[in-house]
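File shown here: upload-v3.cif, holding mmCIF, C-alpha atoms.
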data_run
#
loop_
_atom_site.group_PDB
_atom_site.id
_atom_site.type_symbol
_atom_site.label_atom_id
_atom_site.label_comp_id
_atom_site.auth_asym_id
_atom_site.auth_seq_id
_atom_site.Cartn_x
_atom_site.Cartn_y
_atom_site.Cartn_z
ATOM 1 C CA MET I 1 428.005 63.911 308.151
ATOM 2 C CA THR I 2 425.258 61.314 307.661
ATOM 3 C CA TYR I 3 422.781 63.121 309.954
ATOM 4 C CA ALA I 4 423.499 66.504 308.413
ATOM 5 C CA GLY I 5 422.984 65.141 304.905
ATOM 6 C CA SER I 6 419.642 63.507 305.773
ATOM 7 C CA VAL I 7 417.926 66.720 306.896
ATOM 8 C CA PRO I 8 417.599 68.269 303.411
ATOM 9 C CA GLN I 9 416.386 64.904 302.079
ATOM 10 C CA LEU I 10 413.675 64.695 304.795
ATOM 11 C CA ALA I 11 412.602 68.272 304.090
ATOM 12 C CA SER I 12 412.402 67.522 300.376
ATOM 13 C CA VAL I 13 410.213 64.461 300.938
ATOM 14 C CA THR I 14 407.939 66.358 303.267
ATOM 15 C CA SER I 15 407.398 69.241 300.831
ATOM 16 C CA ARG I 16 406.615 66.796 297.992
ATOM 17 C CA GLU I 17 404.047 65.001 300.121
ATOM 18 C CA VAL I 18 402.462 68.299 301.064
ATOM 19 C CA TRP I 19 402.316 69.328 297.425
ATOM 20 C CA GLU I 20 400.750 65.988 296.461
ATOM 21 C CA GLN I 21 398.174 66.410 299.193
ATOM 22 C CA ILE I 22 397.344 69.888 297.936
ATOM 23 C CA THR I 23 397.220 68.976 294.253
ATOM 24 C CA GLY I 24 395.819 65.478 294.718
ATOM 25 C CA ALA I 25 392.355 64.735 296.090
ATOM 26 C CA PRO I 26 391.338 68.351 296.828
ATOM 27 C CA LEU I 27 392.186 69.445 293.298
ATOM 28 C CA VAL I 28 390.311 66.482 291.837
ATOM 29 C CA ILE I 29 387.280 67.229 294.010
ATOM 30 C CA VAL I 30 387.290 70.876 292.920
ATOM 31 C CA GLY I 31 387.664 69.794 289.298
ATOM 32 C CA VAL I 32 384.747 67.335 289.628
ATOM 33 C CA ILE I 33 382.494 69.996 291.147
ATOM 34 C CA VAL I 34 383.420 72.609 288.535
ATOM 35 C CA GLY I 35 383.021 70.082 285.737
ATOM 36 C CA ALA I 36 379.588 69.041 287.059
ATOM 37 C CA VAL I 37 378.458 72.663 287.189
ATOM 38 C CA ILE I 38 379.676 73.337 283.636
ATOM 39 C CA LEU I 39 378.125 70.115 282.290
ATOM 40 C CA ARG I 40 374.830 70.948 283.998
ATOM 41 C CA TRP I 41 374.859 74.422 282.420
ATOM 42 C CA LEU I 42 375.560 73.025 278.938
ATOM 43 C CA ILE I 43 372.825 70.379 279.172
ATOM 44 C CA HIS I 44 370.284 72.848 280.566
ATOM 45 C CA ARG I 45 371.105 75.245 277.727
ATOM 46 C CA ALA I 46 370.584 72.445 275.195
ATOM 47 C CA ILE I 47 367.239 71.514 276.805
ATOM 48 C CA ARG I 48 366.066 75.123 276.713
ATOM 49 C CA ARG I 49 367.046 75.355 273.047
ATOM 50 C CA VAL I 50 365.168 72.142 272.198
ATOM 51 C CA VAL I 51 362.073 73.353 274.077
ATOM 52 C CA GLN I 52 362.161 76.723 272.308
ATOM 53 C CA THR I 53 362.590 75.008 268.927
ATOM 54 C CA SER I 54 359.572 72.821 269.692
ATOM 55 C CA ILE I 55 357.496 75.882 270.647
ATOM 56 C CA ASP I 56 358.530 77.781 267.494
ATOM 57 C CA ARG I 57 357.762 74.775 265.288
ATOM 58 C CA ALA I 58 354.305 74.381 266.822
ATOM 59 C CA ALA I 59 353.632 78.104 266.400
ATOM 60 C CA ALA I 60 354.638 77.950 262.736
ATOM 61 C CA ARG I 61 352.344 74.969 262.185
ATOM 62 C CA GLU I 62 349.420 76.780 263.813
ATOM 63 C CA ASP I 63 350.079 79.886 261.705
ATOM 64 C CA ARG I 64 350.058 77.826 258.511
ATOM 65 C CA THR I 65 346.752 76.292 259.574
ATOM 66 C CA ALA I 66 345.247 79.702 260.287
ATOM 67 C CA ARG I 67 346.171 80.957 256.800
ATOM 68 C CA LEU I 68 344.092 78.215 255.160
ATOM 69 C CA GLY I 69 340.724 79.721 256.088
ATOM 70 C CA SER I 70 338.594 82.588 254.830
ATOM 71 C CA LEU I 71 338.918 86.078 256.316
ATOM 72 C CA ARG I 72 336.434 85.271 259.043
ATOM 73 C CA GLY I 73 337.846 81.766 259.406
ATOM 74 C CA ILE I 74 341.343 83.164 259.809
ATOM 75 C CA ARG I 75 340.223 85.141 262.839
ATOM 76 C CA LEU I 76 338.666 82.095 264.458
ATOM 77 C CA LEU I 77 341.625 79.893 263.603
ATOM 78 C CA GLU I 78 344.064 82.482 264.921
ATOM 79 C CA GLU I 79 342.181 82.491 268.237
ATOM 80 C CA ALA I 80 342.342 78.682 268.361
ATOM 81 C CA ALA I 81 345.993 78.778 267.264
ATOM 82 C CA GLY I 82 346.822 81.253 270.030
ATOM 83 C CA PHE I 83 345.177 78.997 272.601
ATOM 84 C CA ASN I 84 346.958 75.908 271.268
ATOM 85 C CA ARG I 85 350.270 77.789 271.123
ATOM 86 C CA GLU I 86 349.976 78.888 274.751
ATOM 87 C CA ARG I 87 348.991 75.372 275.794
ATOM 88 C CA HIS I 88 351.962 73.911 273.960
ATOM 89 C CA ARG I 89 354.306 76.538 275.432
ATOM 90 C CA GLN I 90 353.192 75.715 278.976
ATOM 91 C CA ARG I 91 353.504 71.969 278.451
ATOM 92 C CA ALA I 92 356.874 72.239 276.735
ATOM 93 C CA ALA I 93 358.132 74.471 279.550
ATOM 94 C CA THR I 94 356.897 71.917 282.089
ATOM 95 C CA MET I 95 358.686 69.103 280.278
ATOM 96 C CA GLY I 96 361.816 71.229 280.013
ATOM 97 C CA GLY I 97 361.740 71.833 283.759
ATOM 98 C CA LEU I 98 361.305 68.106 284.381
ATOM 99 C CA LEU I 99 364.243 67.234 282.120
ATOM 100 C CA ARG I 100 366.433 69.853 283.791
ATOM 101 C CA SER I 101 365.592 68.451 287.220
ATOM 102 C CA VAL I 102 366.386 64.900 286.098
ATOM 103 C CA THR I 103 369.713 65.875 284.530
ATOM 104 C CA THR I 104 370.672 67.897 287.606
ATOM 105 C CA PHE I 105 369.982 64.900 289.837
ATOM 106 C CA VAL I 106 371.968 62.511 287.621
ATOM 107 C CA ILE I 107 374.971 64.825 287.188
ATOM 108 C CA PHE I 108 375.336 65.697 290.850
ATOM 109 C CA THR I 109 374.780 62.086 291.931
ATOM 110 C CA ILE I 110 377.690 61.011 289.735
ATOM 111 C CA ALA I 111 379.770 63.926 291.025
ATOM 112 C CA LEU I 112 378.967 62.951 294.627
ATOM 113 C CA LEU I 113 380.042 59.347 294.033
ATOM 114 C CA THR I 114 383.286 60.555 292.450
ATOM 115 C CA VAL I 115 384.034 62.821 295.417
ATOM 116 C CA MET I 116 383.300 59.979 297.842
ATOM 117 C CA ALA I 117 385.736 57.750 295.937
ATOM 118 C CA GLU I 118 388.433 60.438 296.173
ATOM 119 C CA LEU I 119 387.839 60.699 299.911
ATOM 120 C CA GLY I 120 388.382 56.965 300.320
ATOM 121 C CA VAL I 121 384.800 55.959 301.007
ATOM 122 C CA PRO I 122 384.291 52.316 299.863
ATOM 123 C CA LEU I 123 381.809 52.390 296.992
ATOM 124 C CA GLY I 124 381.987 48.727 296.023
ATOM 125 C CA PRO I 125 379.147 47.428 298.231
ATOM 126 C CA LEU I 126 377.036 50.486 297.434
ATOM 127 C CA LEU I 127 377.494 50.161 293.679
ATOM 128 C CA ALA I 128 376.960 46.393 293.810
ATOM 129 C CA SER I 129 373.655 46.831 295.643
ATOM 130 C CA ALA I 130 372.604 49.604 293.255
ATOM 131 C CA GLY I 131 373.544 47.452 290.255
ATOM 132 C CA ILE I 132 371.486 44.490 291.444
ATOM 133 C CA GLY I 133 368.557 46.772 292.219
ATOM 134 C CA GLY I 134 368.885 48.470 288.825
ATOM 135 C CA VAL I 135 368.849 45.161 286.962
ATOM 136 C CA ALA I 136 365.787 43.981 288.875
ATOM 137 C CA LEU I 137 364.062 47.327 288.325
ATOM 138 C CA GLY I 138 364.992 47.298 284.633
ATOM 139 C CA PHE I 139 363.392 43.887 284.069
ATOM 140 C CA GLY I 140 360.302 44.776 286.079
ATOM 141 C CA ALA I 141 359.761 48.319 284.835
ATOM 142 C CA GLN I 142 360.407 48.075 281.087
ATOM 143 C CA ALA I 143 356.786 48.880 280.275
ATOM 144 C CA LEU I 144 356.807 51.770 282.749
ATOM 145 C CA VAL I 145 359.927 53.306 281.180
ATOM 146 C CA LYS I 146 358.391 52.881 277.717
ATOM 147 C CA ASP I 147 355.193 54.619 278.857
ATOM 148 C CA PHE I 148 357.128 57.514 280.389
ATOM 149 C CA LEU I 149 359.312 58.056 277.319
ATOM 150 C CA SER I 150 356.307 57.908 274.974
ATOM 151 C CA GLY I 151 354.374 60.311 277.199
ATOM 152 C CA LEU I 152 357.345 62.669 277.349
ATOM 153 C CA PHE I 153 357.690 62.927 273.566
ATOM 154 C CA MET I 154 353.916 63.089 273.116
ATOM 155 C CA ILE I 155 353.643 66.085 275.446
ATOM 156 C CA VAL I 156 356.706 67.880 274.066
ATOM 157 C CA GLU I 157 355.480 67.429 270.468
ATOM 158 C CA ASP I 158 351.941 68.488 271.482
ATOM 159 C CA GLN I 159 350.295 65.629 269.615
ATOM 160 C CA TYR I 160 347.065 66.184 271.562
ATOM 161 C CA GLY I 161 345.796 67.811 274.725
ATOM 162 C CA VAL I 162 342.853 67.972 277.090
ATOM 163 C CA GLY I 163 339.639 68.651 275.162
ATOM 164 C CA ASP I 164 340.845 67.206 271.840
ATOM 165 C CA ILE I 165 338.910 64.407 270.152
ATOM 166 C CA VAL I 166 341.390 61.678 269.228
ATOM 167 C CA ASP I 167 341.403 58.212 267.701
ATOM 168 C CA THR I 168 343.990 55.973 269.359
ATOM 169 C CA GLY I 169 343.047 52.815 267.498
ATOM 170 C CA GLU I 170 341.757 51.190 270.671
ATOM 171 C CA ALA I 171 339.240 53.918 271.472
ATOM 172 C CA THR I 172 337.958 57.212 270.113
ATOM 173 C CA GLY I 173 336.838 59.968 272.428
ATOM 174 C CA THR I 174 337.540 63.257 274.155
ATOM 175 C CA VAL I 175 340.813 63.588 276.071
ATOM 176 C CA GLU I 176 340.096 64.270 279.743
ATOM 177 C CA ASP I 177 343.583 63.932 281.218
ATOM 178 C CA VAL I 178 347.144 63.482 279.968
ATOM 179 C CA THR I 179 350.028 62.287 282.147
ATOM 180 C CA LEU I 180 353.456 60.866 281.413
ATOM 181 C CA ARG I 181 352.129 57.320 281.882
ATOM 182 C CA VAL I 182 348.495 57.175 280.738
ATOM 183 C CA THR I 183 345.951 59.090 278.661
ATOM 184 C CA ARG I 184 342.325 59.159 279.782
ATOM 185 C CA LEU I 185 339.582 59.283 277.158
ATOM 186 C CA ARG I 186 335.791 59.378 277.357
ATOM 187 C CA ASP I 187 333.992 58.030 274.282
ATOM 188 C CA SER I 188 330.563 58.989 272.938
ATOM 189 C CA SER I 189 328.901 56.300 275.096
ATOM 190 C CA GLY I 190 330.353 57.790 278.278
ATOM 191 C CA VAL I 191 332.887 54.985 278.785
ATOM 192 C CA VAL I 192 336.206 56.139 280.256
ATOM 193 C CA TRP I 193 339.298 54.586 278.669
ATOM 194 C CA TYR I 194 342.742 54.540 280.324
ATOM 195 C CA ILE I 195 345.378 53.984 277.643
ATOM 196 C CA ARG I 196 349.072 53.549 278.397
ATOM 197 C CA ASN I 197 351.149 55.949 276.338
ATOM 198 C CA GLY I 198 353.625 53.225 275.409
ATOM 199 C CA GLU I 199 350.834 51.180 273.799
ATOM 200 C CA ILE I 200 349.679 53.973 271.461
ATOM 201 C CA ILE I 201 351.131 53.103 268.045
ATOM 202 C CA ARG I 202 349.356 55.838 266.096
ATOM 203 C CA ILE I 203 347.047 58.703 267.007
ATOM 204 C CA GLY I 204 344.515 60.668 264.986
ATOM 205 C CA ASN I 205 343.644 64.134 266.302
ATOM 206 C CA ILE I 206 340.205 65.062 264.945
ATOM 207 C CA SER I 207 340.105 68.557 266.430
ATOM 208 C CA GLN I 208 343.614 69.952 265.936
ATOM 209 C CA GLY I 209 343.561 73.217 263.958
ATOM 210 C CA TRP I 210 340.187 72.765 262.235
ATOM 211 C CA SER I 211 337.752 69.980 261.399
ATOM 212 C CA THR I 212 335.625 68.954 258.435
ATOM 213 C CA GLY I 213 331.940 68.081 258.600
ATOM 214 C CA ILE I 214 330.720 65.637 255.920
ATOM 215 C CA VAL I 215 327.007 65.448 255.079
ATOM 216 C CA ASP I 216 325.710 62.686 252.780
ATOM 217 C CA ILE I 217 322.249 63.361 251.351
ATOM 218 C CA PRO I 218 320.439 60.400 249.710
ATOM 219 C CA VAL I 219 317.715 61.064 247.120
ATOM 220 C CA ALA I 220 315.896 58.991 244.527
ATOM 221 C CA TYR I 221 318.007 57.751 241.643
ATOM 222 C CA ASP I 222 315.855 59.313 238.929
ATOM 223 C CA GLU I 223 315.881 62.844 240.395
ATOM 224 C CA ASP I 224 317.486 65.614 238.341
ATOM 225 C CA VAL I 225 321.003 66.161 239.668
ATOM 226 C CA GLU I 226 321.206 69.844 238.757
ATOM 227 C CA HIS I 227 317.872 70.570 240.413
ATOM 228 C CA VAL I 228 318.867 68.791 243.606
ATOM 229 C CA MET I 229 322.245 70.539 243.672
ATOM 230 C CA SER I 230 320.638 73.957 243.183
ATOM 231 C CA VAL I 231 318.310 73.325 246.139
ATOM 232 C CA ILE I 232 321.254 72.263 248.312
ATOM 233 C CA ARG I 233 323.360 75.272 247.261
ATOM 234 C CA GLU I 234 320.517 77.653 248.024
ATOM 235 C CA THR I 235 320.008 76.029 251.434
ATOM 236 C CA VAL I 236 323.650 76.207 252.558
ATOM 237 C CA HIS I 237 324.332 79.612 250.980
ATOM 238 C CA GLY I 238 324.804 82.268 253.638
ATOM 239 C CA LEU I 239 324.812 79.663 256.402
ATOM 240 C CA GLN I 240 328.147 80.974 257.606
ATOM 241 C CA ASP I 241 326.616 84.349 258.454
ATOM 242 C CA ASP I 242 323.761 82.820 260.429
ATOM 243 C CA GLU I 243 323.937 83.778 264.111
ATOM 244 C CA ALA I 244 323.551 80.128 265.104
ATOM 245 C CA PHE I 245 326.797 79.304 263.308
ATOM 246 C CA GLN I 246 328.912 82.190 264.610
ATOM 247 C CA GLY I 247 332.228 80.743 265.732
ATOM 248 C CA LYS I 248 331.428 77.305 264.282
ATOM 249 C CA LEU I 249 331.692 77.551 260.488
ATOM 250 C CA LEU I 250 334.973 78.794 259.026
ATOM 251 C CA GLU I 251 333.788 78.803 255.409
ATOM 252 C CA GLU I 252 330.525 78.441 253.538
ATOM 253 C CA PRO I 253 329.602 74.740 253.105
ATOM 254 C CA THR I 254 330.563 73.343 249.712
ATOM 255 C CA PRO I 255 328.290 70.889 247.827
ATOM 256 C CA ALA I 256 330.721 68.447 246.215
ATOM 257 C CA GLY I 257 328.261 66.657 243.905
ATOM 258 C CA VAL I 258 327.242 63.037 243.502
ATOM 259 C CA GLU I 259 329.190 60.795 245.853
ATOM 260 C CA SER I 260 327.696 57.413 244.936
ATOM 261 C CA VAL I 261 324.879 55.702 243.039
ATOM 262 C CA SER I 262 323.599 52.399 244.345
ATOM 263 C CA GLY I 263 320.301 50.662 243.555
ATOM 264 C CA GLY I 264 317.561 53.249 243.729
ATOM 265 C CA THR I 265 319.649 55.736 245.719
ATOM 266 C CA MET I 266 321.757 58.670 244.588
ATOM 267 C CA THR I 267 323.922 60.182 247.348
ATOM 268 C CA LEU I 268 325.188 63.759 247.227
ATOM 269 C CA ARG I 269 327.887 65.052 249.552
ATOM 270 C CA VAL I 270 328.412 68.428 251.252
ATOM 271 C CA PHE I 271 331.645 69.522 252.977
ATOM 272 C CA ALA I 272 331.729 72.072 255.804
ATOM 273 C CA LYS I 273 334.976 73.468 257.231
ATOM 274 C CA CYS I 274 334.395 74.012 260.939
ATOM 275 C CA ALA I 275 336.153 75.209 264.050
ATOM 276 C CA PRO I 276 337.680 72.453 266.218
ATOM 277 C CA ASN I 277 335.076 70.096 267.757
ATOM 278 C CA GLN I 278 332.149 71.974 266.135
ATOM 279 C CA GLN I 279 331.537 69.698 263.135
ATOM 280 C CA TRP I 280 328.949 67.474 264.810
ATOM 281 C CA GLY I 281 326.394 70.196 265.473
ATOM 282 C CA VAL I 282 327.010 71.787 262.060
ATOM 283 C CA VAL I 283 326.443 68.463 260.276
ATOM 284 C CA ARG I 284 323.161 67.848 262.107
ATOM 285 C CA GLU I 285 321.897 71.369 261.338
ATOM 286 C CA ILE I 286 322.802 71.150 257.633
ATOM 287 C CA ARG I 287 321.176 67.745 257.318
ATOM 288 C CA GLU I 288 317.972 69.029 258.935
ATOM 289 C CA ARG I 289 317.765 72.174 256.776
ATOM 290 C CA VAL I 290 318.495 70.309 253.552
ATOM 291 C CA LYS I 291 315.830 67.720 254.348
ATOM 292 C CA VAL I 292 313.202 70.413 254.865
ATOM 293 C CA ALA I 293 314.261 72.172 251.641
ATOM 294 C CA LEU I 294 314.093 68.933 249.620
ATOM 295 C CA ASP I 295 310.595 68.207 250.927
ATOM 296 C CA ARG I 296 309.417 71.704 249.933
ATOM 297 C CA ALA I 297 310.928 71.276 246.459
ATOM 298 C CA GLY I 298 309.142 67.929 245.987
ATOM 299 C CA ILE I 299 312.364 65.958 245.670
ATOM 300 C CA ARG I 300 311.807 62.342 246.567
ATOM 301 C CA GLY I 301 313.920 60.305 248.884
ATOM 302 C CA PRO I 302 315.517 56.945 247.998
ATOM 303 C CA GLN I 303 313.230 54.314 246.533
ATOM 304 C CA LEU I 304 312.849 50.964 248.219
ATOM 305 C CA LEU I 305 313.088 47.810 246.141
ATOM 306 C CA GLY I 306 310.227 45.379 246.480
ATOM 307 C CA PRO I 307 310.574 41.607 246.919
ATOM 308 C CA TYR I 308 310.781 41.148 243.138
ATOM 309 C CA GLY I 309 313.211 43.993 242.514
ATOM 310 C CA ASP I 310 310.558 46.538 241.544
ATOM 311 C CA ALA I 311 310.924 50.082 242.861
ATOM 312 C CA SER I 312 308.313 51.486 245.180
ATOM 313 C CA ARG I 313 308.073 55.003 246.495
ATOM 314 C CA SER I 314 309.732 55.434 249.902
ATOM 315 C CA THR I 315 307.535 56.477 252.793
#
Can you dump the structure from the file as structure tokens?
Amino acid sequence: MTYAGSVPQLASVTSREVWEQITGAPLVIVGVIVGAVILRWLIHRAIRRVVQTSIDRAAAREDRTARLGSLRGIRLLEEAAGFNRERHRQRAATMGGLLRSVTTFVIFTIALLTVMAELGVPLGPLLASAGIGGVALGFGAQALVKDFLSGLFMIVEDQYGVGDIVDTGEATGTVEDVTLRVTRLRDSSGVVWYIRNGEIIRIGNISQGWSTGIVDIPVAYDEDVEHVMSVIRETVHGLQDDEAFQGKLLEEPTPAGVESVSGGTMTLRVFAKCAPNQQWGVVREIRERVKVALDRAGIRGPQLLGPYGDASRST
């Protein structure tokens, strides 16, 4: 009676153990793998959406910039905007690919550790070693992580790119290379600057969208303002249609009037809206042409004060 009654009990225990083995670790492992795949898909979708939003926002900003110019300036700005938009799209796509790779690595690493734990692999020594190494790396690589994060956001937001003239506070020059860690600039003296992205507090992009050339013209204090302004207007009028300025000037230069009066000098200012990175040559050409025109009109330059404060004609 005892032996006969124990057989069903043994069979019941055996079937329960089999069911626990089927629904235990294997089911957890399958759930971990499926969950990792779903989480990876959701995060990748979010990254793609953020990248696309960044690209659309940059395109809208470039379009607003292009609408600020004249009819001819709009065409030039639209060409520059198209180039900048394509550059931003490529860089944002690159950053999106990098983020997707990093998230894939992190998600599947965690999933692998979870599966190993379910299989009975001892993870204590491994996690302890990784924790000690992570703490040491965290203390030693804080600046590196800061540089990488700053470089990542800088590239995604398209704050500047290769060929732009920027002012980083520490140095001003043309961007020659941009990486996640450093930005390389070359200033007007030919000096190459390597600036860590994490150390850039603020950035001024001189050539993003369009640029402004400012020309200050000093003349003698007692010259007739209206006469001088008429000579300057006549000189800069039609400059935009000159073949030498094709693709450089977006609008006709605008004489703004008297900028300052100091001693025996009266300074008049001219603004010129230019294509990106073209303001330097335009400013030099305007200054040269205005100087020749003033000489022909007999308009004197600033007067020099003598040792006793008397004015003498400048030479």
Using all atoms listed in the file, what table do you get, as a tab-separated table, when you list each residue of region 123-222 of chain I with an atom no more than 8 Å from region 261-274 of chain I, its nearest pair of atoms, and their distance in Å rounded to one decimal, rows by chain then rising number?
residue	atom	partner	partner_atom	distance
I:Trp210	CA	I:Cys274	CA	6.1
I:Ser211	CA	I:Cys274	CA	5.3
I:Thr212	CA	I:Lys273	CA	4.7
I:Gly213	CA	I:Ala272	CA	4.9
I:Ile214	CA	I:Phe271	CA	5.0
I:Val215	CA	I:Val270	CA	5.0
I:Asp216	CA	I:Arg269	CA	4.6
I:Ile217	CA	I:Leu268	CA	5.1
I:Pro218	CA	I:Thr267	CA	4.2
I:Val219	CA	I:Met266	CA	5.3
I:Ala220	CA	I:Thr265	CA	5.1
I:Tyr221	CA	I:Thr265	CA	4.8
I:Asp222	CA	I:Gly264	CA	7.9
>> Running the PyMOL selection byres ((chain I and resi 227) around 12) on this model by hand, what would come out? Give it as number ranges by chain.
In response: I: 219, 222-226, 228-234, 257, 293-294, 297-300
Limited to C-alpha atoms, could you put the picked residues into a file as a PDB file, keeping the file's coordinate frame?
ATOM      1  CA  VAL I 219     317.715  61.064 247.120  1.00  0.00           C
ATOM      2  CA  ASP I 222     315.855  59.313 238.929  1.00  0.00           C
ATOM      3  CA  GLU I 223     315.881  62.844 240.395  1.00  0.00           C
ATOM      4  CA  ASP I 224     317.486  65.614 238.341  1.00  0.00           C
ATOM      5  CA  VAL I 225     321.003  66.161 239.668  1.00  0.00           C
ATOM      6  CA  GLU I 226     321.206  69.844 238.757  1.00  0.00           C
ATOM      7  CA  VAL I 228     318.867  68.791 243.606  1.00  0.00           C
ATOM      8  CA  MET I 229     322.245  70.539 243.672  1.00  0.00           C
ATOM      9  CA  SER I 230     320.638  73.957 243.183  1.00  0.00           C
ATOM     10  CA  VAL I 231     318.310  73.325 246.139  1.00  0.00           C
ATOM     11  CA  ILE I 232     321.254  72.263 248.312  1.00  0.00           C
ATOM     12  CA  ARG I 233     323.360  75.272 247.261  1.00  0.00           C
ATOM     13  CA  GLU I 234     320.517  77.653 248.024  1.00  0.00           C
ATOM     14  CA  GLY I 257     328.261  66.657 243.905  1.00  0.00           C
ATOM     15  CA  ALA I 293     314.261  72.172 251.641  1.00  0.00           C
ATOM     16  CA  LEU I 294     314.093  68.933 249.620  1.00  0.00           C
ATOM     17  CA  ALA I 297     310.928  71.276 246.459  1.00  0.00           C
ATOM     18  CA  GLY I 298     309.142  67.929 245.987  1.00  0.00           C
ATOM     19  CA  ILE I 299     312.364  65.958 245.670  1.00  0.00           C
ATOM     20  CA  ARG I 300     311.807  62.342 246.567  1.00  0.00           C
TER      21      ARG I 300
END
> Using only C-alpha atoms, which of I:Gly247, I:Gly97, I:Pro276, I:Gly204 sits nearest Val166 (chain I)?
Replying inline: I:Gly204
Resolved residues for the PyMOL selection byres ((chain I and resi 146) around 12) as a JSON list (two decimals) with C-alpha atoms, keeping the file's coordinate frame:
[["chain", "number", "residue", "atom", "x", "y", "z"],
["I", 138, "GLY", "CA", 364.99, 47.30, 284.63],
["I", 140, "GLY", "CA", 360.30, 44.78, 286.08],
["I", 141, "ALA", "CA", 359.76, 48.32, 284.83],
["I", 142, "GLN", "CA", 360.41, 48.08, 281.09],
["I", 143, "ALA", "CA", 356.79, 48.88, 280.27],
["I", 144, "LEU", "CA", 356.81, 51.77, 282.75],
["I", 145, "VAL", "CA", 359.93, 53.31, 281.18],
["I", 147, "ASP", "CA", 355.19, 54.62, 278.86],
["I", 148, "PHE", "CA", 357.13, 57.51, 280.39],
["I", 149, "LEU", "CA", 359.31, 58.06, 277.32],
["I", 150, "SER", "CA", 356.31, 57.91, 274.97],
["I", 151, "GLY", "CA", 354.37, 60.31, 277.20],
["I", 152, "LEU", "CA", 357.34, 62.67, 277.35],
["I", 153, "PHE", "CA", 357.69, 62.93, 273.57],
["I", 180, "LEU", "CA", 353.46, 60.87, 281.41],
["I", 181, "ARG", "CA", 352.13, 57.32, 281.88],
["I", 182, "VAL", "CA", 348.50, 57.18, 280.74],
["I", 196, "ARG", "CA", 349.07, 53.55, 278.40],
["I", 197, "ASN", "CA", 351.15, 55.95, 276.34],
["I", 198, "GLY", "CA", 353.62, 53.22, 275.41],
["I", 199, "GLU", "CA", 350.83, 51.18, 273.80],
["I", 200, "ILE", "CA", 349.68, 53.97, 271.46]]
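Among the candidates I:Gly190, I:Val282, I:Gln208, I:Glu259, the one nearest to Ala244 (chain I) when counting all atoms listed in the file is I:Val282.
Between CA of Glu252 (chain I) and CA of Val162 (chain I) there is a distance of 28.6 Å.
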>> On this structure, the PyMOL selection byres ((chain I and resi 156) around 12) would catch which residues? List them as a PyMOL selection string, sorted by chain and number.
In response: chain I and resi 47+50-55+57-58+87-99+149-155+157-161+179-180
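Atom pair CA of Arg284 (chain I) / CA of Val175 (chain I): separated by 22.9 Å.
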